[in-house]
$ cat query_1.tsv   # TSV, C-alpha atoms
chain	number	residue	atom	x	y	z
A	1	MET	CA	-13.68	-17.69	-39.80
A	2	VAL	CA	-12.60	-21.32	-39.33
A	3	LYS	CA	-9.71	-22.03	-41.69
A	4	ILE	CA	-10.18	-25.15	-43.83
A	5	ALA	CA	-7.61	-27.06	-45.88
A	6	VAL	CA	-8.91	-29.32	-48.65
A	7	LEU	CA	-6.57	-32.19	-49.56
A	8	VAL	CA	-6.79	-33.49	-53.13
A	9	SER	CA	-5.04	-35.85	-55.55
A	10	GLY	CA	-6.96	-35.51	-58.82
A	11	GLY	CA	-9.67	-33.64	-60.68
A	12	GLY	CA	-11.21	-32.02	-57.63
A	13	THR	CA	-14.96	-32.48	-58.21
A	14	ASN	CA	-15.60	-32.59	-54.45
A	15	LEU	CA	-13.37	-29.55	-54.02
A	16	GLN	CA	-15.53	-27.77	-56.61
A	17	ALA	CA	-18.66	-28.67	-54.65
A	18	LEU	CA	-17.09	-27.07	-51.55
A	19	ILE	CA	-16.00	-23.96	-53.50
A	20	ASP	CA	-19.50	-23.57	-54.99
A	21	ARG	CA	-21.13	-23.84	-51.56
A	22	GLN	CA	-18.64	-21.38	-50.09
A	23	GLN	CA	-19.41	-18.90	-52.86
A	24	ALA	CA	-23.12	-19.38	-52.16
A	25	GLY	CA	-22.48	-18.63	-48.46
A	26	GLU	CA	-23.32	-22.18	-47.41
A	27	LEU	CA	-20.12	-23.10	-45.58
A	28	GLY	CA	-21.23	-21.00	-42.62
A	29	CYS	CA	-18.25	-19.81	-40.62
A	30	GLY	CA	-15.85	-21.98	-42.64
A	31	GLU	CA	-13.43	-20.66	-45.24
A	32	ILE	CA	-11.21	-22.71	-47.57
A	33	SER	CA	-7.76	-21.23	-46.94
A	34	LEU	CA	-5.62	-23.86	-48.62
A	35	VAL	CA	-5.81	-26.62	-51.24
A	36	LEU	CA	-3.04	-29.17	-50.76
A	37	SER	CA	-2.39	-31.71	-53.51
A	38	SER	CA	-0.32	-34.88	-53.30
A	39	ARG	CA	0.37	-34.56	-57.03
A	40	ALA	CA	1.47	-31.73	-59.30
A	41	GLY	CA	-0.47	-30.86	-62.45
A	42	VAL	CA	-3.89	-32.12	-61.35
A	43	TYR	CA	-7.03	-30.19	-62.31
A	44	ALA	CA	-7.96	-29.59	-58.65
A	45	LEU	CA	-5.08	-27.08	-58.52
A	46	GLU	CA	-6.60	-25.21	-61.47
A	47	ARG	CA	-9.95	-25.11	-59.63
A	48	ALA	CA	-8.22	-23.58	-56.59
A	49	LYS	CA	-6.49	-21.00	-58.78
A	50	GLN	CA	-9.75	-20.01	-60.47
A	51	ALA	CA	-11.37	-19.53	-57.06
A	52	GLY	CA	-8.43	-17.47	-55.78
A	53	ILE	CA	-7.48	-20.05	-53.12
A	54	GLU	CA	-3.85	-20.66	-52.22
A	55	SER	CA	-2.56	-24.08	-53.22
A	56	VAL	CA	0.51	-26.15	-52.52
A	57	VAL	CA	1.86	-29.52	-53.72
A	58	VAL	CA	3.41	-32.03	-51.31
A	59	SER	CA	4.52	-34.96	-53.45
A	60	LYS	CA	4.81	-38.28	-51.64
A	61	LYS	CA	7.29	-39.46	-54.24
A	62	GLU	CA	9.58	-36.50	-53.65
A	63	CYS	CA	9.33	-36.82	-49.86
A	64	GLY	CA	10.94	-40.25	-49.98
A	65	SER	CA	9.20	-41.59	-46.87
A	66	ALA	CA	5.74	-41.58	-45.29
A	67	ALA	CA	7.13	-39.84	-42.19
A	68	GLU	CA	8.65	-37.02	-44.25
A	69	PHE	CA	5.42	-36.66	-46.22
A	70	ASP	CA	3.41	-36.32	-42.99
A	71	ARG	CA	5.91	-33.82	-41.61
A	72	LYS	CA	5.64	-31.64	-44.72
A	73	VAL	CA	1.83	-31.84	-44.81
A	74	LEU	CA	1.69	-30.82	-41.13
A	75	GLU	CA	4.10	-27.96	-41.75
A	76	GLU	CA	1.88	-26.57	-44.53
A	77	LEU	CA	-1.28	-26.91	-42.42
A	78	GLN	CA	0.11	-25.50	-39.19
A	79	SER	CA	1.93	-22.58	-40.77
A	80	ARG	CA	-1.45	-21.35	-42.03
A	81	GLY	CA	-3.40	-21.95	-38.82
A	82	ILE	CA	-5.62	-24.60	-40.42
A	83	GLU	CA	-8.33	-25.86	-38.05
A	84	LEU	CA	-10.25	-28.36	-40.21
A	85	VAL	CA	-8.84	-30.75	-42.81
A	86	VAL	CA	-11.18	-32.07	-45.52
A	87	LEU	CA	-10.05	-35.01	-47.66
A	88	ALA	CA	-11.65	-34.72	-51.09
A	89	GLY	CA	-10.34	-37.52	-53.29
A	90	PHE	CA	-7.02	-37.54	-51.45
A	91	LEU	CA	-5.34	-40.84	-52.27
A	92	SER	CA	-2.50	-40.76	-49.73
A	93	ILE	CA	-2.97	-42.21	-46.28
A	94	LEU	CA	-2.22	-39.74	-43.49
A	95	GLY	CA	-0.04	-41.06	-40.69
A	96	LYS	CA	-0.35	-41.03	-36.92
A	97	GLU	CA	1.40	-37.69	-36.46
A	98	VAL	CA	-1.10	-35.77	-38.61
A	99	ILE	CA	-4.12	-37.59	-37.16
A	100	GLU	CA	-3.02	-36.96	-33.58
A	101	THR	CA	-2.40	-33.28	-34.31
A	102	TYR	CA	-5.93	-32.91	-35.68
A	103	PRO	CA	-8.12	-35.25	-33.56
A	104	ASN	CA	-11.71	-35.22	-34.91
A	105	ARG	CA	-10.66	-32.40	-37.21
A	106	ILE	CA	-9.99	-34.47	-40.35
A	107	ILE	CA	-12.95	-35.66	-42.41
A	108	ASN	CA	-13.25	-37.75	-45.56
A	109	VAL	CA	-16.00	-38.54	-48.03
A	110	HIS	CA	-16.24	-42.17	-49.16
A	111	PRO	CA	-18.45	-43.28	-52.09
A	112	SER	CA	-20.37	-46.06	-50.32
A	113	LEU	CA	-22.48	-46.62	-47.24
A	114	ILE	CA	-19.77	-47.57	-44.75
A	115	PRO	CA	-19.19	-50.33	-43.57
A	116	SER	CA	-19.89	-51.67	-47.08
A	117	PHE	CA	-17.18	-51.50	-49.75
A	118	CYS	CA	-14.61	-49.62	-47.71
A	119	GLY	CA	-11.12	-50.05	-46.28
A	120	ASN	CA	-7.81	-50.67	-48.02
A	121	GLY	CA	-8.03	-50.86	-51.80
A	122	PHE	CA	-11.55	-49.41	-52.02
A	123	TYR	CA	-11.34	-46.03	-53.73
A	124	GLY	CA	-12.65	-44.33	-56.86
A	125	LEU	CA	-14.32	-46.58	-59.42
A	126	LYS	CA	-13.25	-49.73	-57.52
A	127	VAL	CA	-15.94	-49.01	-54.92
A	128	HIS	CA	-18.68	-48.84	-57.57
A	129	GLU	CA	-17.36	-51.90	-59.40
A	130	ALA	CA	-17.59	-53.85	-56.13
A	131	ALA	CA	-21.11	-52.59	-55.39
A	132	LEU	CA	-22.34	-53.63	-58.85
A	133	ALA	CA	-20.56	-57.01	-58.68
A	134	TYR	CA	-22.24	-57.70	-55.35
A	135	GLY	CA	-25.62	-56.72	-56.76
A	136	VAL	CA	-26.65	-54.17	-54.12
A	137	LYS	CA	-29.79	-52.19	-54.92
A	138	VAL	CA	-28.81	-49.21	-52.79
A	139	THR	CA	-25.43	-47.56	-52.35
A	140	GLY	CA	-24.52	-44.02	-51.35
A	141	ALA	CA	-21.84	-41.93	-49.69
A	142	THR	CA	-20.49	-41.43	-46.18
A	143	VAL	CA	-18.66	-38.54	-44.55
A	144	HIS	CA	-16.62	-39.78	-41.60
A	145	PHE	CA	-13.84	-38.72	-39.27
A	146	VAL	CA	-10.39	-39.96	-40.21
A	147	ASN	CA	-8.50	-42.16	-37.78
A	148	GLU	CA	-5.65	-44.63	-38.26
A	149	VAL	CA	-7.93	-47.29	-39.78
A	150	THR	CA	-8.73	-46.71	-43.48
A	151	ASP	CA	-12.40	-45.57	-43.62
A	152	GLY	CA	-12.63	-46.56	-39.94
A	153	GLY	CA	-13.49	-43.29	-38.18
A	154	SER	CA	-16.94	-42.55	-36.78
A	155	ILE	CA	-19.66	-41.59	-39.26
A	156	ILE	CA	-20.86	-37.98	-39.48
A	157	LEU	CA	-23.40	-38.13	-42.34
A	158	GLN	CA	-24.66	-40.72	-44.82
A	159	LYS	CA	-27.01	-40.63	-47.77
A	160	ALA	CA	-28.41	-43.53	-49.79
A	161	VAL	CA	-28.52	-43.55	-53.60
A	162	SER	CA	-30.41	-46.08	-55.74
A	163	VAL	CA	-28.58	-48.42	-58.08
A	164	GLU	CA	-30.27	-48.54	-61.50
A	165	PRO	CA	-30.56	-51.79	-63.52
A	166	ASN	CA	-28.35	-50.58	-66.39
A	167	ASP	CA	-25.68	-48.90	-64.26
A	168	THR	CA	-22.00	-49.06	-65.14
A	169	PRO	CA	-19.37	-48.16	-62.53
A	170	GLU	CA	-19.08	-44.76	-64.27
A	171	THR	CA	-22.81	-43.93	-64.25
A	172	LEU	CA	-23.10	-45.05	-60.65
A	173	GLN	CA	-20.06	-43.00	-59.63
A	174	ARG	CA	-21.59	-39.90	-61.22
A	175	ARG	CA	-24.97	-40.38	-59.50
A	176	VAL	CA	-23.37	-40.97	-56.10
A	177	MET	CA	-21.32	-37.78	-56.53
A	178	GLU	CA	-24.25	-35.64	-57.64
A	179	GLN	CA	-26.85	-36.96	-55.22
A	180	ALA	CA	-24.73	-37.67	-52.15
A	181	GLU	CA	-21.06	-36.63	-52.07
A	182	TRP	CA	-21.51	-33.05	-53.28
A	183	GLU	CA	-24.32	-32.54	-50.79
A	184	LEU	CA	-22.89	-34.30	-47.73
A	185	LEU	CA	-19.33	-32.99	-47.80
A	186	PRO	CA	-20.18	-29.25	-47.69
A	187	LYS	CA	-22.91	-29.94	-45.11
A	188	ALA	CA	-20.55	-31.84	-42.79
A	189	THR	CA	-17.86	-29.19	-43.29
A	190	ALA	CA	-20.25	-26.38	-42.29
A	191	MET	CA	-21.44	-28.38	-39.25
A	192	LEU	CA	-17.91	-28.97	-37.99
A	193	CYS	CA	-16.83	-25.36	-38.57
A	194	GLU	CA	-19.73	-24.24	-36.40
A	195	LYS	CA	-18.68	-26.71	-33.70
A	196	ILE	CA	-15.04	-25.52	-33.84
A	197	GLN	CA	-16.14	-21.89	-33.58
A	198	LYS	CA	-18.27	-22.65	-30.52
A	199	GLU	CA	-15.41	-24.49	-28.84
A	200	ARG	CA	-13.16	-21.47	-29.33
A	201	LYS	CA	-15.42	-19.25	-27.21

$ encode --input "query_1.tsv" --output "structure tokens"
Amino acid sequence: MVKIAVLVSGGGTNLQALIDRQQAGELGCGEISLVLSSRAGVYALERAKQAGIESVVVSKKECGSAAEFDRKVLEELQSRGIELVVLAGFLSILGKEVIETYPNRIINVHPSLIPSFCGNGFYGLKVHEAALAYGVKVTGATVHFVNEVTDGGSIILQKAVSVEPNDTPETLQRRVMEQAEWELLPKATAMLCEKIQKERK
């Protein structure tokens, strides 16, 4: 199996989508071996516990510096032989050292159709607030590789979602999650695990 680490910072709804697909046998040769959170006490850790997945907290605050945070994250990943890193609502930016250790092996899901509403400062509800303020009729989600530019890595999968006339940022966020994020992230994860397994042979 290809060992996957899912990196989280909050409630873990995308993590849950991955766990559900894994339990349904839809992650192919991928297996979630670790859930790493940048914050203690978040519900994503409870989701990992309920699914019997090992979890660990690496707090940016406690690390004191970005370099130390990256070093600790790498230590946790490498000590477990992690081959694919999936960012699922992970609010910390990974530095050069981590990205260079896992080239084209770190993926993220972003709640818009990149290149719209992405980059520094665009995360969570802020993305949907911006989409509604701009008046777009279609939004969606994107799974992309992570490089040193925020939301700047090449696109793996995208899916469009309609914006409804009475949408609030909250209703739009929910629809984008249900119709796009929860579908695309497990799909991209399974695709990449298959690719990693082939490259091993």

$ closest_residue --input "query_1.tsv" --among "A:Gln16, A:Thr189, A:Ser9, A:Thr142" --to "Val176 (chain A)" --atoms "only C-alpha atoms"
A:Thr142

$ closest_residue --input "query_1.tsv" --among "A:Asn120, A:Gln173, A:Ser65, A:Ser112" --to "Val138 (chain A)" --atoms "all atoms listed in the file"
A:Ser112

$ closest_residue --input "query_1.tsv" --among "A:Thr150, A:Ser55, A:Asn166, A:Gln179" --to "Gly41 (chain A)" --atoms "all atoms listed in the file"
A:Ser55

$ residues_around --input "query_1.tsv" --residues "Leu7 (chain A)" --least-positions-apart "4" --cutoff "8 Å" --atoms "only C-alpha atoms" --output "PyMOL selection string"
chain A and resi 35-38+85-90

$ write_last_selection --input "query_1.tsv" --atoms "C-alpha atoms" --output "PDB file, in the coordinates of the input"
ATOM      1  CA  VAL A  35      -5.810 -26.620 -51.240  1.00  0.00           C
ATOM      2  CA  LEU A  36      -3.040 -29.170 -50.760  1.00  0.00           C
ATOM      3  CA  SER A  37      -2.390 -31.710 -53.510  1.00  0.00           C
ATOM      4  CA  SER A  38      -0.320 -34.880 -53.300  1.00  0.00           C
ATOM      5  CA  VAL A  85      -8.840 -30.750 -42.810  1.00  0.00           C
ATOM      6  CA  VAL A  86     -11.180 -32.070 -45.520  1.00  0.00           C
ATOM      7  CA  LEU A  87     -10.050 -35.010 -47.660  1.00  0.00           C
ATOM      8  CA  ALA A  88     -11.650 -34.720 -51.090  1.00  0.00           C
ATOM      9  CA  GLY A  89     -10.340 -37.520 -53.290  1.00  0.00           C
ATOM     10  CA  PHE A  90      -7.020 -37.540 -51.450  1.00  0.00           C
TER      11      PHE A  90
END

$ closest_residue --input "query_1.tsv" --among "A:Gly10, A:Gly64, A:Gly25, A:Gly140" --to "Leu184 (chain A)" --atoms "all atoms listed in the file"
A:Gly140

$ closest_residue --input "query_1.tsv" --among "A:Gln22, A:Val8, A:Cys29, A:Gly135" --to "Val56 (chain A)" --atoms "all atoms listed in the file"
A:Val8

$ atom_distance --input "query_1.tsv" --atom1 "CA of Lys126 (chain A)" --atom2 "CA of Ile93 (chain A)"
17.0 Å

$ closest_atom_pairs --input "query_1.tsv" --of "region 23-51 of chain A" --to "region 1-5 of chain A" --cutoff "10 Å" --atoms "all atoms listed in the file" --output "Markdown table"
| residue | atom | partner | partner_atom | distance |
| --- | --- | --- | --- | --- |
| A:Leu27 | CA | A:Val2 | CA | 9.9 |
| A:Gly28 | CA | A:Met1 | CA | 8.7 |
| A:Cys29 | CA | A:Met1 | CA | 5.1 |
| A:Gly30 | CA | A:Val2 | CA | 4.7 |
| A:Glu31 | CA | A:Lys3 | CA | 5.3 |
| A:Ile32 | CA | A:Ile4 | CA | 4.6 |
| A:Ser33 | CA | A:Ile4 | CA | 5.6 |
| A:Leu34 | CA | A:Ala5 | CA | 4.7 |
| A:Val35 | CA | A:Ala5 | CA | 5.7 |
| A:Leu36 | CA | A:Ala5 | CA | 7.0 |

$ residues_around --input "query_1.tsv" --residues "Leu157 (chain A)" --least-positions-apart "5" --cutoff "10 Å" --atoms "all atoms listed in the file" --output "number ranges by chain"
A: 109, 113, 141-144, 180, 184-185, 187-188

$ atom_distance --input "query_1.tsv" --atom1 "CA of Cys118 (chain A)" --atom2 "CA of Thr168 (chain A)"
18.9 Å

$ residues_around --input "query_1.tsv" --residues "Met177 (chain A)" --least-positions-apart "4" --cutoff "9 Å" --atoms "only C-alpha atoms" --output "list in words"
Thr13, Asn14, Pro111, Gly140, Ala141, Leu172, Gln173, Glu181, Trp182 and Glu183 of chain A

$ closest_residue --input "query_1.tsv" --among "A:Glu97, A:Lys49, A:Val161, A:Phe69" --to "Ile19 (chain A)" --atoms "all atoms listed in the file"
A:Lys49

$ atom_distance --input "query_1.tsv" --atom1 "CA of Phe122 (chain A)" --atom2 "CA of Leu91 (chain A)"
10.6 Å

$ residues_around --input "query_1.tsv" --residues "Tyr43 (chain A)" --least-positions-apart "5" --cutoff "9 Å" --atoms "all atoms listed in the file" --output "PDB file with C-alpha atoms, in the frame of the given file"
ATOM      1  CA  GLY A  10      -6.960 -35.510 -58.820  1.00  0.00           C
ATOM      2  CA  GLY A  11      -9.670 -33.640 -60.680  1.00  0.00           C
ATOM      3  CA  GLY A  12     -11.210 -32.020 -57.630  1.00  0.00           C
ATOM      4  CA  ALA A  48      -8.220 -23.580 -56.590  1.00  0.00           C
TER       5      ALA A  48
END
